file protein_18.tsv (TSV, C-alpha atoms)
chain	number	residue	atom	x	y	z
Y	7	MET	CA	-19.20	-17.24	3.58
Y	8	LEU	CA	-21.01	-14.04	2.63
Y	9	ARG	CA	-19.47	-10.78	1.50
Y	10	VAL	CA	-21.87	-8.08	2.63
Y	11	LEU	CA	-22.52	-4.42	1.97
Y	12	ALA	CA	-24.78	-2.63	4.48
Y	13	VAL	CA	-26.39	0.67	3.44
Y	14	ASP	CA	-28.00	3.15	5.84
Y	15	ASP	CA	-27.78	6.95	5.95
Y	16	GLU	CA	-28.08	6.97	9.76
Y	17	LYS	CA	-24.57	6.29	11.05
Y	18	PRO	CA	-25.52	4.79	14.45
Y	19	ALA	CA	-27.96	2.38	12.77
Y	20	LEU	CA	-25.32	1.43	10.20
Y	21	GLU	CA	-22.69	0.80	12.86
Y	22	GLU	CA	-25.07	-1.39	14.87
Y	23	LEU	CA	-26.02	-3.37	11.76
Y	24	LEU	CA	-22.37	-3.87	10.81
Y	25	PHE	CA	-21.53	-5.01	14.34
Y	26	LEU	CA	-24.27	-7.65	14.24
Y	27	LEU	CA	-23.33	-8.81	10.74
Y	28	ARG	CA	-19.65	-9.14	11.59
Y	29	SER	CA	-20.59	-11.21	14.65
Y	30	ASP	CA	-22.25	-13.82	12.42
Y	31	PRO	CA	-19.86	-16.66	11.50
Y	32	ARG	CA	-21.46	-16.96	8.04
Y	33	VAL	CA	-20.33	-13.43	7.13
Y	34	LEU	CA	-16.82	-13.24	5.70
Y	35	SER	CA	-16.77	-9.45	5.42
Y	36	ALA	CA	-19.19	-6.60	6.02
Y	37	GLU	CA	-18.60	-3.06	4.76
Y	38	GLY	CA	-20.85	-0.02	5.06
Y	39	ALA	CA	-22.12	2.82	2.88
Y	40	THR	CA	-24.04	5.86	4.10
Y	41	ASP	CA	-25.92	6.71	0.90
Y	42	ALA	CA	-27.33	5.07	-2.21
Y	43	THR	CA	-24.84	6.71	-4.57
Y	44	GLU	CA	-21.87	5.27	-2.70
Y	45	ALA	CA	-23.59	1.90	-2.51
Y	46	LEU	CA	-24.21	1.81	-6.27
Y	47	ARG	CA	-20.58	2.76	-6.95
Y	48	ARG	CA	-19.32	-0.14	-4.81
Y	49	ILE	CA	-21.81	-2.60	-6.26
Y	50	THR	CA	-20.89	-1.61	-9.82
Y	51	LEU	CA	-17.22	-2.19	-9.03
Y	52	ALA	CA	-18.09	-5.57	-7.55
Y	53	LEU	CA	-20.12	-6.60	-10.60
Y	54	ASP	CA	-17.33	-5.48	-12.95
Y	55	ALA	CA	-14.83	-7.54	-10.92
Y	56	GLY	CA	-16.97	-10.66	-11.22
Y	57	PRO	CA	-18.21	-13.10	-8.54
Y	58	ASP	CA	-14.68	-14.19	-7.59
Y	59	GLY	CA	-13.13	-10.73	-7.48
Y	60	ASP	CA	-11.71	-9.12	-4.36
Y	61	ASP	CA	-14.48	-6.49	-4.33
Y	62	SER	CA	-17.37	-8.90	-4.94
Y	63	ILE	CA	-20.60	-8.54	-2.93
Y	64	ASP	CA	-23.01	-11.40	-2.29
Y	65	VAL	CA	-25.77	-9.55	-0.46
Y	66	VAL	CA	-26.76	-5.96	0.25
Y	67	PHE	CA	-28.54	-5.11	3.52
Y	68	LEU	CA	-30.43	-2.03	2.42
Y	69	ASP	CA	-32.37	0.67	4.26
Y	70	ILE	CA	-35.41	2.05	2.42
Y	71	HIS	CA	-35.74	5.67	3.54
Y	72	MET	CA	-32.56	7.51	2.59
Y	73	ALA	CA	-31.77	10.95	1.25
Y	74	GLY	CA	-31.72	11.02	-2.54
Y	75	LEU	CA	-32.33	7.57	-3.98
Y	76	THR	CA	-34.32	5.23	-1.74
Y	77	GLY	CA	-33.48	1.61	-1.09
Y	78	LEU	CA	-36.31	0.60	-3.44
Y	79	ASP	CA	-34.76	2.77	-6.17
Y	80	VAL	CA	-31.42	1.00	-5.67
Y	81	ALA	CA	-33.07	-2.43	-5.87
Y	82	ARG	CA	-34.86	-1.47	-9.11
Y	83	LEU	CA	-31.57	-0.34	-10.64
Y	84	LEU	CA	-29.82	-3.54	-9.60
Y	85	ALA	CA	-32.59	-5.63	-11.17
Y	86	GLY	CA	-31.28	-4.51	-14.56
Y	87	PHE	CA	-27.93	-6.29	-14.05
Y	88	ALA	CA	-27.36	-9.86	-15.19
Y	89	MET	CA	-26.12	-11.13	-11.81
Y	90	PRO	CA	-27.05	-8.60	-9.10
Y	91	PRO	CA	-26.30	-9.25	-5.42
Y	92	LEU	CA	-29.07	-10.50	-3.19
Y	93	ILE	CA	-31.11	-7.85	-1.39
Y	94	VAL	CA	-32.28	-7.80	2.24
Y	95	PHE	CA	-34.25	-4.72	3.24
Y	96	VAL	CA	-33.70	-3.39	6.77
Y	97	THR	CA	-36.21	-0.67	7.60
Y	98	ALA	CA	-38.38	0.89	10.29
Y	99	HIS	CA	-41.36	0.96	7.90
Y	100	GLU	CA	-43.45	-2.16	7.36
Y	101	GLY	CA	-45.62	-0.65	4.63
Y	102	PHE	CA	-43.15	-1.35	1.80
Y	103	ALA	CA	-43.06	-5.14	2.17
Y	104	VAL	CA	-45.12	-5.86	-0.95
Y	105	GLN	CA	-42.90	-3.64	-3.12
Y	106	ALA	CA	-39.82	-5.22	-1.56
Y	107	PHE	CA	-40.87	-8.77	-2.37
Y	108	ASP	CA	-41.99	-7.70	-5.85
Y	109	LEU	CA	-38.33	-6.75	-6.30
Y	110	GLU	CA	-37.35	-10.30	-5.23
Y	111	ALA	CA	-35.91	-9.32	-1.87
Y	112	VAL	CA	-34.57	-12.24	0.15
Y	113	ASP	CA	-35.98	-10.84	3.39
Y	114	TYR	CA	-37.54	-7.79	5.03
Y	115	VAL	CA	-36.18	-7.02	8.50
Y	116	LEU	CA	-37.85	-4.41	10.68
Y	117	LYS	CA	-35.96	-2.01	12.95
Y	118	PRO	CA	-34.97	-2.09	15.73
Y	119	VAL	CA	-32.99	-5.04	14.45
Y	120	ARG	CA	-32.92	-8.08	16.71
Y	121	ARG	CA	-29.85	-10.34	16.56
Y	122	GLU	CA	-31.89	-13.52	16.07
Y	123	ARG	CA	-34.05	-11.94	13.36
Y	124	LEU	CA	-31.00	-10.72	11.47
Y	125	ALA	CA	-29.45	-14.18	11.80
Y	126	GLU	CA	-32.49	-15.63	10.03
Y	127	ALA	CA	-32.03	-13.15	7.17
Y	128	VAL	CA	-28.33	-14.09	6.93
Y	129	ARG	CA	-29.31	-17.77	6.84
Y	130	ARG	CA	-31.69	-17.19	3.94
Y	131	ALA	CA	-29.14	-15.15	2.02
Y	132	SER	CA	-26.39	-17.68	2.71
Y	133	GLU	CA	-28.46	-20.57	1.36
Y	134	LEU	CA	-29.42	-18.68	-1.79
Y	135	ALA	CA	-25.87	-17.48	-2.40
Y	136	HIS	CA	-24.57	-21.03	-1.94
Y	137	THR	CA	-27.12	-22.36	-4.43
Y	138	ALA	CA	-26.18	-19.68	-6.95
Y	139	ARG	CA	-22.48	-20.52	-6.68
Y	140	ASP	CA	-23.11	-24.26	-7.09
Y	141	SER	CA	-25.22	-23.68	-10.19
Y	142	ARG	CA	-22.59	-21.49	-11.87
Y	143	PRO	CA	-21.36	-23.33	-15.00
Y	144	ALA	CA	-17.67	-24.25	-14.70
Y	145	ALA	CA	-17.05	-24.89	-18.40
Y	146	ALA	CA	-18.55	-21.65	-19.61
Y	147	PRO	CA	-18.17	-19.00	-16.92
Y	148	SER	CA	-19.03	-16.20	-19.34
Y	149	ALA	CA	-22.41	-17.71	-20.25
Y	150	PRO	CA	-25.41	-15.74	-19.00
Y	151	PRO	CA	-26.98	-17.17	-15.83
Y	152	ALA	CA	-30.39	-18.74	-15.81
Y	153	PRO	CA	-32.92	-16.14	-14.67
Y	154	ARG	CA	-34.45	-16.49	-11.26
Y	155	PRO	CA	-38.12	-17.51	-11.42
Y	156	VAL	CA	-40.42	-14.53	-11.25
Y	157	PRO	CA	-44.02	-15.02	-10.13
Y	158	ALA	CA	-46.77	-14.04	-12.54
Y	159	ALA	CA	-49.16	-11.29	-11.51
Y	160	ASP	CA	-51.69	-13.89	-10.37
Y	161	GLN	CA	-49.23	-15.71	-8.09
Y	162	ILE	CA	-47.47	-15.00	-4.81
Y	163	PRO	CA	-44.12	-16.53	-3.77
Y	164	VAL	CA	-44.06	-18.52	-0.52
Y	165	GLU	CA	-41.22	-20.39	1.14
Y	166	LEU	CA	-41.62	-23.99	2.22
Y	167	GLY	CA	-38.65	-25.83	3.68
Y	168	GLY	CA	-36.15	-23.54	1.96
Y	169	VAL	CA	-37.89	-23.92	-1.41
Y	170	THR	CA	-39.77	-21.04	-3.02
Y	171	ARG	CA	-43.14	-21.98	-4.46
Y	172	PHE	CA	-45.67	-19.85	-6.29
Y	173	VAL	CA	-49.25	-20.04	-5.01
Y	174	ALA	CA	-52.07	-18.96	-7.31
Y	175	ILE	CA	-53.99	-16.08	-5.74
Y	176	ASP	CA	-57.23	-17.61	-7.03
Y	177	ASP	CA	-56.54	-20.65	-4.80
Y	178	ILE	CA	-56.42	-18.51	-1.63
Y	179	THR	CA	-59.67	-18.59	0.32
Y	180	TYR	CA	-58.78	-16.22	3.14
Y	181	VAL	CA	-55.81	-14.53	4.79
Y	182	GLU	CA	-55.13	-14.32	8.51
Y	183	ALA	CA	-52.96	-11.67	10.17
Y	184	GLN	CA	-50.17	-12.96	12.40
Y	185	GLY	CA	-48.20	-9.95	13.60
Y	186	ASP	CA	-45.96	-8.69	10.80
Y	187	TYR	CA	-46.81	-11.82	8.81
Y	188	ALA	CA	-49.88	-13.05	6.97
Y	189	ARG	CA	-51.04	-16.68	6.71
Y	190	LEU	CA	-52.52	-17.59	3.34
Y	191	HIS	CA	-55.17	-20.31	3.52
Y	192	THR	CA	-55.98	-22.57	0.58
Y	193	ALA	CA	-57.99	-25.78	0.30
Y	194	GLU	CA	-54.73	-27.76	0.57
Y	195	GLY	CA	-53.17	-25.98	3.54
Y	196	SER	CA	-51.64	-22.66	4.56
Y	197	HIS	CA	-48.50	-20.63	3.94
Y	198	LEU	CA	-46.87	-17.91	6.03
Y	199	VAL	CA	-45.54	-14.84	4.20
Y	200	ARG	CA	-43.73	-11.82	5.58
Y	201	ILE	CA	-46.26	-9.26	4.28
Y	202	PRO	CA	-48.65	-7.23	6.47
Y	203	LEU	CA	-52.36	-7.91	6.03
Y	204	SER	CA	-53.00	-4.24	5.25
Y	205	ALA	CA	-50.62	-4.42	2.29
Y	206	LEU	CA	-52.38	-7.48	0.87
Y	207	GLU	CA	-55.76	-5.80	1.39
Y	208	GLU	CA	-54.71	-2.89	-0.80
Y	209	ARG	CA	-52.97	-5.08	-3.37
Y	210	TRP	CA	-55.77	-7.63	-3.78
Y	211	ALA	CA	-58.87	-5.43	-3.53
Y	212	ALA	CA	-59.33	-5.60	-7.29
Y	213	ARG	CA	-59.16	-9.41	-7.11
Y	214	GLY	CA	-62.23	-9.60	-4.87
Y	215	PHE	CA	-60.59	-9.81	-1.44
Y	216	VAL	CA	-62.41	-7.88	1.30
Y	217	ARG	CA	-61.52	-7.04	4.88
Y	218	ILE	CA	-64.04	-8.54	7.31
Y	219	HIS	CA	-62.09	-8.13	10.54
Y	220	ARG	CA	-58.80	-6.60	11.70
Y	221	SER	CA	-57.36	-10.11	11.49
Y	222	HIS	CA	-58.98	-11.48	8.34
Y	223	LEU	CA	-59.12	-10.83	4.62
Y	224	VAL	CA	-61.50	-13.04	2.62
Y	225	ALA	CA	-61.99	-13.86	-1.06
Y	226	LEU	CA	-65.60	-12.78	-1.63
Y	227	SER	CA	-66.26	-15.64	-4.08
Y	228	ARG	CA	-65.15	-18.20	-1.47
Y	229	ILE	CA	-67.72	-17.23	1.17
Y	230	ASP	CA	-70.16	-20.13	1.50
Y	231	GLU	CA	-72.38	-18.71	4.22
Y	232	LEU	CA	-73.10	-15.48	6.09
Y	233	ARG	CA	-74.57	-16.03	9.55
Y	234	LEU	CA	-76.08	-13.64	12.10
Y	235	ASP	CA	-76.47	-15.11	15.58
Y	236	ALA	CA	-77.29	-13.08	18.71
Y	237	GLY	CA	-75.97	-9.94	17.09
Y	238	ALA	CA	-72.66	-11.52	16.05
Y	239	THR	CA	-71.88	-11.92	12.34
Y	240	THR	CA	-69.71	-14.72	10.98
Y	241	VAL	CA	-68.90	-16.17	7.58
Y	242	ARG	CA	-68.10	-19.74	6.62
Y	243	VAL	CA	-65.27	-20.25	4.18
Y	244	GLY	CA	-64.95	-23.97	3.53
Y	245	THR	CA	-64.62	-25.52	6.97
Y	246	ALA	CA	-63.48	-22.28	8.64
Y	247	GLU	CA	-65.87	-19.98	10.48
Y	248	LEU	CA	-64.55	-16.43	10.68
Y	249	PRO	CA	-65.80	-13.45	12.71
Y	250	VAL	CA	-67.01	-10.30	10.98
Y	251	SER	CA	-66.49	-7.07	12.89
Y	252	ARG	CA	-69.42	-4.68	13.23
Y	253	ARG	CA	-67.72	-1.99	11.18
Y	254	HIS	CA	-67.34	-4.40	8.24
Y	255	ALA	CA	-70.65	-6.31	8.52
Y	256	ARG	CA	-72.90	-3.99	6.52
Y	257	GLN	CA	-70.39	-3.45	3.73
Y	258	LEU	CA	-69.85	-7.21	3.49
Y	259	ARG	CA	-73.59	-7.89	3.21
Y	260	ASP	CA	-73.89	-5.29	0.43
Y	261	LEU	CA	-70.94	-6.77	-1.43
Y	262	LEU	CA	-72.33	-10.29	-1.16
Y	263	MET	CA	-75.70	-9.14	-2.50
Y	264	ARG	CA	-74.04	-7.47	-5.47
Y	265	HIS	CA	-71.89	-10.52	-6.06
Y	266	ALA	CA	-74.95	-12.78	-5.99
Y	267	ARG	CA	-76.79	-10.58	-8.48
Y	268	GLY	CA	-73.74	-10.49	-10.72

call {"tool": "encode", "arguments": {"input": "protein_18.tsv", "output": "structure tokens"}}
result
Amino acid sequence: MLRVLAVDDEKPALEELLFLLRSDPRVLSAEGATDATEALRRITLALDAGPDGDDSIDVVFLDIHMAGLTGLDVARLLAGFAMPPLIVFVTAHEGFAVQAFDLEAVDYVLKPVRRERLAEAVRRASELAHTARDSRPAAAPSAPPAPRPVPAADQIPVELGGVTRFVAIDDITYVEAQGDYARLHTAEGSHLVRIPLSALEERWAARGFVRIHRSHLVALSRIDELRLDAGATTVRVGTAELPVSRRHARQLRDLLMRHARG
């Protein structure tokens, strides 16, 4: 059973979020805070009380855009604690997903919040909180906890069957947009991550990934063939043949020529 703190400086949004959280049978308690300062005060009290204290908090459902400190600022501050609560971001802005997952957020829920989508976030948090409690040493409760694995700069975390794995970016051949998600394709298979394609385009530009279409981002070094047929441009990446939009075709040809010369 989760003990939850929800943080949003818009009162109607906070009340709706609390109503949905309290309706979930996996949530033991759900309290609200309307600004980051109040949230940090409550979280600090919870951490001082310990994981079994009356004021303890398992997960914080956190808005990003707030007056004063943002939700990202709060998450960065919490990262400095030995055993911070889990973080789920709840926001109307999809452009901060990469930063959110860099801060090891459990989930990233977009507003307006749908009941079933929030339930999925609660499920994720519940499983992680349960695992953390089970792994807590009984004989030495004051011992520092084992750190959560943090991906290196050349890896990206993906979830597979409830297990977080780290995929090497160099193994990714291309990325396909799927709504608010992106599907990472490797030679062994594919992985779905909750990060917009536009965010990955900006983040991985220096690693040689180029946009060839509104739905595709490709590792330049993985392109095996560029084909022009009846005015339509495509590229072959392994066994996949991907369309190249007209607005990206010329830039792609120039980049491939430079890459070949290099």

call {"tool": "atom_distance", "arguments": {"input": "protein_18.tsv", "atom1": "atom CA of Leu46 of chain Y", "atom2": "atom CA of Arg32 of chain Y"}}
result
23.8 Å

call {"tool": "closest_residue", "arguments": {"input": "protein_18.tsv", "among": "Y:Asp14, Y:Asp160, Y:Asp260, Y:Asp58", "to": "Val216 of chain Y", "atoms": "only C-alpha atoms"}}
result
Y:Asp260

call {"tool": "closest_atom_pairs", "arguments": {"input": "protein_18.tsv", "of": "segment 178-221 of chain Y", "to": "segment 84-106 of chain Y", "cutoff": "8 Å", "atoms": "all atoms listed in the file", "output": "tab-separated table"}}
result
residue	atom	partner	partner_atom	distance
Y:Asp186	CA	Y:Glu100	CA	7.8
Y:Arg200	CA	Y:Ala103	CA	7.5
Y:Ile201	CA	Y:Ala103	CA	5.6
Y:Pro202	CA	Y:Glu100	CA	7.3
Y:Ala205	CA	Y:Val104	CA	6.5
Y:Leu206	CA	Y:Val104	CA	7.7

call {"tool": "residues_around", "arguments": {"input": "protein_18.tsv", "residues": "Tyr180 of chain Y", "least_positions_apart": "6", "cutoff": "7 Å", "atoms": "all atoms listed in the file", "output": "list in words"}}
result
Leu190, His191, Leu223, Val224 and Ala225 of chain Y

call {"tool": "atom_distance", "arguments": {"input": "protein_18.tsv", "atom1": "atom CA of Val80 of chain Y", "atom2": "atom CA of Thr137 of chain Y"}}
result
23.8 Å

call {"tool": "closest_residue", "arguments": {"input": "protein_18.tsv", "among": "Y:Glu16, Y:Asp64, Y:Pro57, Y:Arg48", "to": "Ser35 of chain Y", "atoms": "all atoms listed in the file"}}
result
Y:Asp64

call {"tool": "residues_around", "arguments": {"input": "protein_18.tsv", "residues": "Phe67 of chain Y", "least_positions_apart": "3", "cutoff": "12 Å", "atoms": "all atoms listed in the file", "output": "tab-separated table (two decimals) with C-alpha atoms, in the frame of the given file"}}
result
chain	number	residue	atom	x	y	z
Y	8	LEU	CA	-21.01	-14.04	2.63
Y	9	ARG	CA	-19.47	-10.78	1.50
Y	10	VAL	CA	-21.87	-8.08	2.63
Y	11	LEU	CA	-22.52	-4.42	1.97
Y	12	ALA	CA	-24.78	-2.63	4.48
Y	13	VAL	CA	-26.39	0.67	3.44
Y	14	ASP	CA	-28.00	3.15	5.84
Y	19	ALA	CA	-27.96	2.38	12.77
Y	20	LEU	CA	-25.32	1.43	10.20
Y	23	LEU	CA	-26.02	-3.37	11.76
Y	24	LEU	CA	-22.37	-3.87	10.81
Y	26	LEU	CA	-24.27	-7.65	14.24
Y	27	LEU	CA	-23.33	-8.81	10.74
Y	36	ALA	CA	-19.19	-6.60	6.02
Y	37	GLU	CA	-18.60	-3.06	4.76
Y	38	GLY	CA	-20.85	-0.02	5.06
Y	39	ALA	CA	-22.12	2.82	2.88
Y	40	THR	CA	-24.04	5.86	4.10
Y	42	ALA	CA	-27.33	5.07	-2.21
Y	45	ALA	CA	-23.59	1.90	-2.51
Y	63	ILE	CA	-20.60	-8.54	-2.93
Y	64	ASP	CA	-23.01	-11.40	-2.29
Y	70	ILE	CA	-35.41	2.05	2.42
Y	77	GLY	CA	-33.48	1.61	-1.09
Y	78	LEU	CA	-36.31	0.60	-3.44
Y	80	VAL	CA	-31.42	1.00	-5.67
Y	81	ALA	CA	-33.07	-2.43	-5.87
Y	91	PRO	CA	-26.30	-9.25	-5.42
Y	92	LEU	CA	-29.07	-10.50	-3.19
Y	93	ILE	CA	-31.11	-7.85	-1.39
Y	94	VAL	CA	-32.28	-7.80	2.24
Y	95	PHE	CA	-34.25	-4.72	3.24
Y	96	VAL	CA	-33.70	-3.39	6.77
Y	97	THR	CA	-36.21	-0.67	7.60
Y	111	ALA	CA	-35.91	-9.32	-1.87
Y	112	VAL	CA	-34.57	-12.24	0.15
Y	113	ASP	CA	-35.98	-10.84	3.39
Y	114	TYR	CA	-37.54	-7.79	5.03
Y	115	VAL	CA	-36.18	-7.02	8.50
Y	116	LEU	CA	-37.85	-4.41	10.68
Y	119	VAL	CA	-32.99	-5.04	14.45
Y	124	LEU	CA	-31.00	-10.72	11.47
Y	127	ALA	CA	-32.03	-13.15	7.17
Y	128	VAL	CA	-28.33	-14.09	6.93
Y	131	ALA	CA	-29.14	-15.15	2.02

call {"tool": "atom_distance", "arguments": {"input": "protein_18.tsv", "atom1": "atom CA of Ala125 of chain Y", "atom2": "atom CA of Glu110 of chain Y"}}
result
19.2 Å

call {"tool": "residues_around", "arguments": {"input": "protein_18.tsv", "residues": "Ala238 of chain Y", "least_positions_apart": "4", "cutoff": "8 Å", "atoms": "all atoms listed in the file", "output": "PDB file with C-alpha atoms, in the coordinates of the input"}}
result
ATOM      1  CA  LEU Y 234     -76.080 -13.640  12.100  1.00  0.00           C
ATOM      2  CA  PRO Y 249     -65.800 -13.450  12.710  1.00  0.00           C
ATOM      3  CA  VAL Y 250     -67.010 -10.300  10.980  1.00  0.00           C
TER       4      VAL Y 250
END

call {"tool": "residues_near_point", "arguments": {"input": "protein_18.tsv", "point": "(-24.9, -16.7, 2.1)", "cutoff": "6 Å", "atoms": "all atoms listed in the file", "output": "PyMOL selection string"}}
result
chain Y and resi 7-8+131-133+135-136

call {"tool": "residues_around", "arguments": {"input": "protein_18.tsv", "residues": "Glu231 of chain Y", "least_positions_apart": "6", "cutoff": "12 Å", "atoms": "all atoms listed in the file", "output": "PyMOL selection string"}}
result
chain Y and resi 239-249+258-259+262
